[in-house]
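Right, one structure below, let's go through it.
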Amino acid sequence: MVDISKRRFFTRKQIDTKQARLPWVKDLTTFTDRCTRCNKCVSVCETQIIKSGDGGYPAVDFSIDECTFCYKCAEICPEPIFDDRDSTPWNAKAEINAQCLAHKNIECRSCGDSCETMAITFKLRVGSVALPQLELEHCSGCGACVSVCPSSSISVSNV
Ligand code: SF4
Ligand code: SF4
Ligand code: SF4
């Protein structure tokens with residue numbers, strides 16, 4: 001017979017707590033104990049970014065679109081997983097890697113254009129194109145900059 005406590009341990013090990021899973025999740029370490037994988041959050045997400053992820057547990061996929069922080073996933077969830085709407089949704093932040101086109105001296109400002117909170121600004125450089133600069137305190141982790149990046153250089157994860 002399978003020892004349930006062991007099974008939970010292995011299930012938890014599969015969950016990457018660095019991954020931006022769903023906004024307003026109270027505690028990522030107990031998420032797999034509480035989520036029944038009913039997929040109700042998947043069906044209501046207004047930008048359809050919630051997909052069935054590792055182990056069948058829901059997770060956002062910013063390669064599709066952004067999170068608008070509509071709170072619909074939290075509202076529909078029948079389990080005690082989500083925090084109040086007036087709390088901070090998550091501590092997810094964007095990161096831009098060295099594949100960014102600006103490092104190859106190719107002009108691109110797609111991420112900055114898509115960032116509503118203006119967390120991405122561009123630093124002018126003499127003799128080369130401007131480099132994107134992230135101000136993490138202004139980043140909401142919405143993921144809007146991810147799918148618009150032509151070189152797939154941006155990821156969003158919990159810090
Ligand atoms: S808050 Fe809204 S847009 Fe964001 S993941 Fe939940 S349902 Fe989707
Ligand atoms: S609605 Fe809640 S219990 Fe159902 S899959 Fe989404 S997070 Fe899990
Ligand atoms: S995740 Fe959202 S707020 Fe953060 S830098 Fe990207 S677009 Fe801006």
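Labels used: A, B, ... for chains in the order of the structure tokens, numbers from 1 for residues in each chain, and numbers from 1 for ligands as shown.
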
Checklist entry - Which residues sit within 8 Å of ligand 3, counting only C-alpha atoms and all ligand atoms, listed as an MDAnalysis selection string? => result chainID A and resid 66 92:95 111:112 114:120 134:136 138:146 154 156

Next on the checklist: What parts of region 26-117 of chain A does DSSP call strand (DSSP E or B)? I'd like the answer as a PyMOL selection string.
Outcome noted: chain A and resi 50-52+58-60+82+92-96

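Remark: for ligand 2, the closest of the candidate residues A:Leu28, A:Ile49, A:Cys73, A:Cys100 is A:Cys73 (distances computed over only C-alpha atoms and all ligand atoms).
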
Item to check | All residues having an atom within 12 Å of ligand 2 (only C-alpha atoms and all ligand atoms) as a PyMOL selection string | outcome: chain A and resi 21-28+30-45+50-53+55-60+71-83

Item to check | Filtered DSSP result for region 80-122 of chain A, state alpha helix (DSSP H), as an MDAnalysis selection string | outcome: chainID A and resid 110:114

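The space separating CA of Asp54 (chain A) from CA of Cys70 (chain A) comes to 23.8 Å.
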
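Note that CA of Cys67 (chain A) and CA of Gln48 (chain A) are 8.9 Å apart.
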
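Note that CA of Thr121 (chain A) and CA of Cys108 (chain A) are 11.9 Å apart.
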
Checklist entry - Closest to ligand 1 among A:Thr47, A:Ile15, A:Thr88, A:Thr29, using only C-alpha atoms and all ligand atoms? => result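 Looking at the shortest contact to ligand 1, the residue is A:Thr47.
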